[in-house]
$ cat input.pdb   # PDB, C-alpha atoms, pLDDT in the B column
ATOM      1  CA  MET T 257       6.387  -6.156  25.226  1.00 48.00           C
ATOM      2  CA  VAL T 258       6.987  -8.236  22.112  1.00 50.00           C
ATOM      3  CA  VAL T 259       8.536  -5.555  19.919  1.00 49.00           C
ATOM      4  CA  TYR T 260      10.405  -2.414  20.807  1.00 55.00           C
ATOM      5  CA  VAL T 261       7.844   0.228  19.833  1.00 59.00           C
ATOM      6  CA  PRO T 262      10.154   2.699  18.049  1.00 69.00           C
ATOM      7  CA  VAL T 263      11.103  -0.087  15.618  1.00 69.00           C
ATOM      8  CA  VAL T 264       7.479  -0.795  14.721  1.00 74.00           C
ATOM      9  CA  LEU T 265       6.152   2.761  14.690  1.00 80.00           C
ATOM     10  CA  PRO T 266       7.593   3.852  11.303  1.00 80.00           C
ATOM     11  CA  VAL T 267       6.266   0.713   9.599  1.00 79.00           C
ATOM     12  CA  MET T 268       2.851   1.178  11.163  1.00 81.00           C
ATOM     13  CA  ILE T 269       2.774   4.813   9.994  1.00 87.00           C
ATOM     14  CA  ILE T 270       3.752   3.749   6.470  1.00 85.00           C
ATOM     15  CA  LEU T 271       1.089   1.025   6.506  1.00 84.00           C
ATOM     16  CA  LEU T 272      -1.536   3.474   7.748  1.00 90.00           C
ATOM     17  CA  VAL T 273      -0.624   6.148   5.187  1.00 90.00           C
ATOM     18  CA  LYS T 274      -0.579   3.601   2.350  1.00 88.00           C
ATOM     19  CA  ASP T 275      -3.916   2.081   3.296  1.00 89.00           C
ATOM     20  CA  VAL T 276      -5.632   5.443   3.845  1.00 94.00           C
ATOM     21  CA  ALA T 277      -4.284   6.693   0.501  1.00 93.00           C
ATOM     22  CA  MET T 278      -5.488   3.566  -1.273  1.00 91.00           C
ATOM     23  CA  LEU T 279      -8.873   3.750   0.425  1.00 93.00           C
ATOM     24  CA  GLY T 280      -9.243   7.393  -0.564  1.00 95.00           C
ATOM     25  CA  GLY T 281      -8.126   6.667  -4.119  1.00 93.00           C
ATOM     26  CA  GLY T 282     -10.527   3.754  -4.466  1.00 93.00           C
ATOM     27  CA  THR T 283     -13.374   5.848  -3.092  1.00 96.00           C
ATOM     28  CA  TYR T 284     -12.570   8.623  -5.552  1.00 95.00           C
ATOM     29  CA  LEU T 285     -12.535   6.189  -8.470  1.00 93.00           C
ATOM     30  CA  ILE T 286     -15.861   4.625  -7.483  1.00 95.00           C
ATOM     31  CA  LYS T 287     -17.537   8.012  -6.955  1.00 95.00           C
ATOM     32  CA  ASN T 288     -16.403   9.004 -10.447  1.00 92.00           C
ATOM     33  CA  GLY T 289     -17.752   5.867 -12.105  1.00 91.00           C
ATOM     34  CA  MET T 290     -14.454   4.029 -12.423  1.00 92.00           C
ATOM     35  CA  THR T 291     -13.580   0.552 -11.201  1.00 91.00           C
ATOM     36  CA  PRO T 292     -10.526   0.341  -8.933  1.00 91.00           C
ATOM     37  CA  PRO T 293      -7.846  -1.943 -10.362  1.00 89.00           C
ATOM     38  CA  ALA T 294      -7.403  -5.476  -9.107  1.00 91.00           C
ATOM     39  CA  ALA T 295      -4.598  -6.241  -6.674  1.00 91.00           C
ATOM     40  CA  LYS T 296      -1.202  -6.455  -8.331  1.00 94.00           C
ATOM     41  CA  TRP T 297       1.815  -8.567  -7.429  1.00 95.00           C
ATOM     42  CA  TYR T 298       3.586  -5.712  -5.632  1.00 94.00           C
ATOM     43  CA  GLY T 299       0.623  -5.143  -3.315  1.00 92.00           C
ATOM     44  CA  LYS T 300       0.445  -8.846  -2.569  1.00 94.00           C
ATOM     45  CA  LEU T 301       4.196  -8.926  -1.972  1.00 95.00           C
ATOM     46  CA  GLY T 302       3.912  -6.090   0.560  1.00 91.00           C
ATOM     47  CA  THR T 303       1.145  -7.938   2.390  1.00 91.00           C
ATOM     48  CA  ILE T 304       3.069 -11.222   2.435  1.00 95.00           C
ATOM     49  CA  LEU T 305       6.218  -9.500   3.717  1.00 94.00           C
ATOM     50  CA  PHE T 306       4.197  -7.742   6.413  1.00 90.00           C
ATOM     51  CA  TYR T 307       2.761 -11.032   7.683  1.00 92.00           C
ATOM     52  CA  ILE T 308       6.117 -12.822   7.480  1.00 94.00           C
ATOM     53  CA  SER T 309       7.836 -10.027   9.399  1.00 92.00           C
ATOM     54  CA  VAL T 310       5.246  -9.704  12.137  1.00 87.00           C
ATOM     55  CA  CYS T 311       4.757 -13.457  12.540  1.00 92.00           C
ATOM     56  CA  SER T 312       8.526 -14.040  12.663  1.00 93.00           C
ATOM     57  CA  ILE T 313       9.053 -11.378  15.317  1.00 89.00           C
ATOM     58  CA  VAL T 314       6.148 -12.613  17.438  1.00 87.00           C
ATOM     59  CA  PHE T 315       7.050 -16.302  16.994  1.00 92.00           C
ATOM     60  CA  LEU T 316      10.698 -15.802  17.943  1.00 92.00           C
ATOM     61  CA  LYS T 317       9.673 -13.942  21.086  1.00 88.00           C
ATOM     62  CA  ALA T 318       6.836 -16.285  22.054  1.00 88.00           C
ATOM     63  CA  ALA T 319       8.500 -19.624  21.265  1.00 91.00           C
ATOM     64  CA  PHE T 320      12.126 -18.923  22.124  1.00 92.00           C
ATOM     65  CA  ASP T 321      11.999 -15.708  24.178  1.00 88.00           C
ATOM     66  CA  TYR T 322      14.347 -14.317  21.514  1.00 89.00           C
ATOM     67  CA  GLU T 323      14.501 -10.614  20.740  1.00 86.00           C
ATOM     68  CA  ASN T 324      16.866  -9.133  18.224  1.00 88.00           C
ATOM     69  CA  TYR T 325      16.217  -5.488  17.445  1.00 84.00           C
ATOM     70  CA  VAL T 326      18.495  -5.541  14.415  1.00 88.00           C
ATOM     71  CA  LEU T 327      16.559  -8.464  12.918  1.00 91.00           C
ATOM     72  CA  ASP T 328      13.268  -6.735  13.762  1.00 88.00           C
ATOM     73  CA  PHE T 329      14.461  -3.544  12.099  1.00 87.00           C
ATOM     74  CA  VAL T 330      15.681  -5.345   8.960  1.00 91.00           C
ATOM     75  CA  LEU T 331      12.443  -7.320   8.555  1.00 92.00           C
ATOM     76  CA  LEU T 332      10.295  -4.251   9.089  1.00 89.00           C
ATOM     77  CA  ALA T 333      12.478  -2.062   6.855  1.00 90.00           C
ATOM     78  CA  ILE T 334      12.126  -4.559   3.994  1.00 94.00           C
ATOM     79  CA  THR T 335       8.380  -4.565   4.595  1.00 91.00           C
ATOM     80  CA  ALA T 336       8.272  -0.749   4.586  1.00 90.00           C
ATOM     81  CA  VAL T 337      10.191  -0.557   1.303  1.00 94.00           C
ATOM     82  CA  ALA T 338       7.780  -3.033  -0.300  1.00 95.00           C
ATOM     83  CA  MET T 339       4.792  -1.028   0.974  1.00 91.00           C
ATOM     84  CA  ILE T 340       6.206   2.255  -0.335  1.00 92.00           C
ATOM     85  CA  PHE T 341       6.942   0.626  -3.685  1.00 95.00           C
ATOM     86  CA  ALA T 342       3.358  -0.671  -3.885  1.00 94.00           C
ATOM     87  CA  LEU T 343       1.975   2.760  -2.954  1.00 92.00           C
ATOM     88  CA  PHE T 344       3.892   4.448  -5.774  1.00 94.00           C
ATOM     89  CA  LYS T 345       2.959   1.764  -8.301  1.00 95.00           C
ATOM     90  CA  TYR T 346      -0.733   1.945  -7.372  1.00 94.00           C
ATOM     91  CA  GLY T 347      -0.482   5.745  -7.378  1.00 93.00           C
ATOM     92  CA  GLY T 348       0.774   5.625 -10.961  1.00 95.00           C
ATOM     93  CA  ILE T 349      -2.172   3.447 -11.950  1.00 94.00           C
ATOM     94  CA  PHE T 350      -4.573   5.757 -10.109  1.00 94.00           C
ATOM     95  CA  PHE T 351      -3.345   8.920 -11.831  1.00 94.00           C
ATOM     96  CA  SER T 352      -3.258   7.289 -15.270  1.00 94.00           C
ATOM     97  CA  MET T 353      -6.852   6.110 -14.760  1.00 93.00           C
ATOM     98  CA  ILE T 354      -7.934   9.636 -13.841  1.00 93.00           C
ATOM     99  CA  LYS T 355      -6.099  11.098 -16.848  1.00 94.00           C
ATOM    100  CA  GLU T 356      -7.682   8.530 -19.162  1.00 92.00           C
ATOM    101  CA  HIS T 357     -11.132   9.109 -17.668  1.00 90.00           C
ATOM    102  CA  LYS T 358     -10.827  12.887 -18.124  1.00 89.00           C
ATOM    103  CA  ALA T 359      -9.718  12.409 -21.738  1.00 88.00           C
ATOM    104  CA  GLU T 360     -12.741  10.171 -22.359  1.00 85.00           C
ATOM    105  CA  GLN T 361     -15.037  12.751 -20.780  1.00 82.00           C
ATOM    106  CA  ASN T 362     -13.541  15.518 -22.960  1.00 81.00           C
ATOM    107  CA  ASN T 363     -14.033  13.407 -26.084  1.00 80.00           C
ATOM    108  CA  LEU T 364     -17.651  12.738 -25.137  1.00 73.00           C
ATOM    109  CA  CYS T 365     -18.263  16.450 -24.637  1.00 70.00           C
ATOM    110  CA  LYS T 366     -16.631  17.315 -27.983  1.00 70.00           C
ATOM    111  CA  ASN T 367     -18.762  14.725 -29.806  1.00 66.00           C
ATOM    112  CA  ASP T 368     -21.976  15.716 -28.037  1.00 61.00           C
ATOM    113  CA  PRO T 369     -24.008  18.057 -30.316  1.00 63.00           C
ATOM    114  CA  ARG T 370     -25.517  19.738 -27.228  1.00 62.00           C
ATOM    115  CA  HIS T 371     -22.146  21.354 -26.402  1.00 54.00           C
TER     116      HIS T 371
END

$ encode --input "input.pdb" --output "structure tokens"
Amino acid sequence: MVVYVPVVLPVMIILLVKDVAMLGGGTYLIKNGMTPPAAKWYGKLGTILFYISVCSIVFLKAAFDYENYVLDFVLLAITAVAMIFALFKYGGIFFSMIKEHKAEQNNLCKNDPRH
């Protein structure tokens, strides 16, 4: 096995939760007539760190038969922190978009003579 599974499992759970939350949030925005925001630097950073971490761990094992669980943990922990940071930043954008959209809808209803 390339990576000791308990080291990878928390990062994979964080990645799964983040991606499912972002997918659900994007779906909600689209269904309510809003455009999901473009990718931001913190999301790109999380992705880059994920690829660097995984590629480094796999490369060290494949090329040099080198395994270091402390290094694996540190790389994956940094990746997890970046992913959690991105999730919270995107969450803030998501909730502000919903709040703004609801305010716009309330203003339209107030200005509509049919109401």

$ atom_distance --input "input.pdb" --atom1 "CA of Met268 in chain T" --atom2 "CA of Leu332 in chain T"
9.4 Å

$ atom_distance --input "input.pdb" --atom1 "CA of Phe341 in chain T" --atom2 "CA of Leu272 in chain T"
14.5 Å

$ residues_around --input "input.pdb" --residues "range 309-323 of chain T" --least-positions-apart "2" --cutoff "9 Å" --atoms "all atoms listed in the file" --output "NGL selection string"
:T and (258-259 or 304-307 or 325 or 327-328 or 331-332 or 334-335)

$ atom_distance --input "input.pdb" --atom1 "CA of Ile269 in chain T" --atom2 "CA of Ala333 in chain T"
12.3 Å

$ resolve_selection --input "input.pdb" --expression "the PyMOL selection byres ((chain T and resi 299) around 12)" --output "mmCIF file with C-alpha atoms, in the coordinates of the input"
data_model
loop_
_atom_site.group_PDB
_atom_site.id
_atom_site.type_symbol
_atom_site.label_atom_id
_atom_site.label_comp_id
_atom_site.auth_asym_id
_atom_site.auth_seq_id
_atom_site.Cartn_x
_atom_site.Cartn_y
_atom_site.Cartn_z
ATOM 1 C CA LEU T 271 1.089 1.025 6.506
ATOM 2 C CA LYS T 274 -0.579 3.601 2.350
ATOM 3 C CA ASP T 275 -3.916 2.081 3.296
ATOM 4 C CA MET T 278 -5.488 3.566 -1.273
ATOM 5 C CA PRO T 293 -7.846 -1.943 -10.362
ATOM 6 C CA ALA T 294 -7.403 -5.476 -9.107
ATOM 7 C CA ALA T 295 -4.598 -6.241 -6.674
ATOM 8 C CA LYS T 296 -1.202 -6.455 -8.331
ATOM 9 C CA TRP T 297 1.815 -8.567 -7.429
ATOM 10 C CA TYR T 298 3.586 -5.712 -5.632
ATOM 11 C CA LYS T 300 0.445 -8.846 -2.569
ATOM 12 C CA LEU T 301 4.196 -8.926 -1.972
ATOM 13 C CA GLY T 302 3.912 -6.090 0.560
ATOM 14 C CA THR T 303 1.145 -7.938 2.390
ATOM 15 C CA ILE T 304 3.069 -11.222 2.435
ATOM 16 C CA LEU T 305 6.218 -9.500 3.717
ATOM 17 C CA PHE T 306 4.197 -7.742 6.413
ATOM 18 C CA THR T 335 8.380 -4.565 4.595
ATOM 19 C CA ALA T 336 8.272 -0.749 4.586
ATOM 20 C CA VAL T 337 10.191 -0.557 1.303
ATOM 21 C CA ALA T 338 7.780 -3.033 -0.300
ATOM 22 C CA MET T 339 4.792 -1.028 0.974
ATOM 23 C CA ILE T 340 6.206 2.255 -0.335
ATOM 24 C CA PHE T 341 6.942 0.626 -3.685
ATOM 25 C CA ALA T 342 3.358 -0.671 -3.885
ATOM 26 C CA LEU T 343 1.975 2.760 -2.954
ATOM 27 C CA PHE T 344 3.892 4.448 -5.774
ATOM 28 C CA LYS T 345 2.959 1.764 -8.301
ATOM 29 C CA TYR T 346 -0.733 1.945 -7.372
ATOM 30 C CA GLY T 347 -0.482 5.745 -7.378
#

$ axis_aligned_box --input "input.pdb" --around "range 332-340 of chain T" --padding-each-side "5 Å" --output "AutoDock Vina command-line options"
--center_x 8.6 --center_y -1.2 --center_z 4.4 --size_x 17.7 --size_y 16.8 --size_z 19.4

$ resolve_selection --input "input.pdb" --expression "the PyMOL selection byres ((chain T and resi 285) around 12)" --output "count of residues only"
25
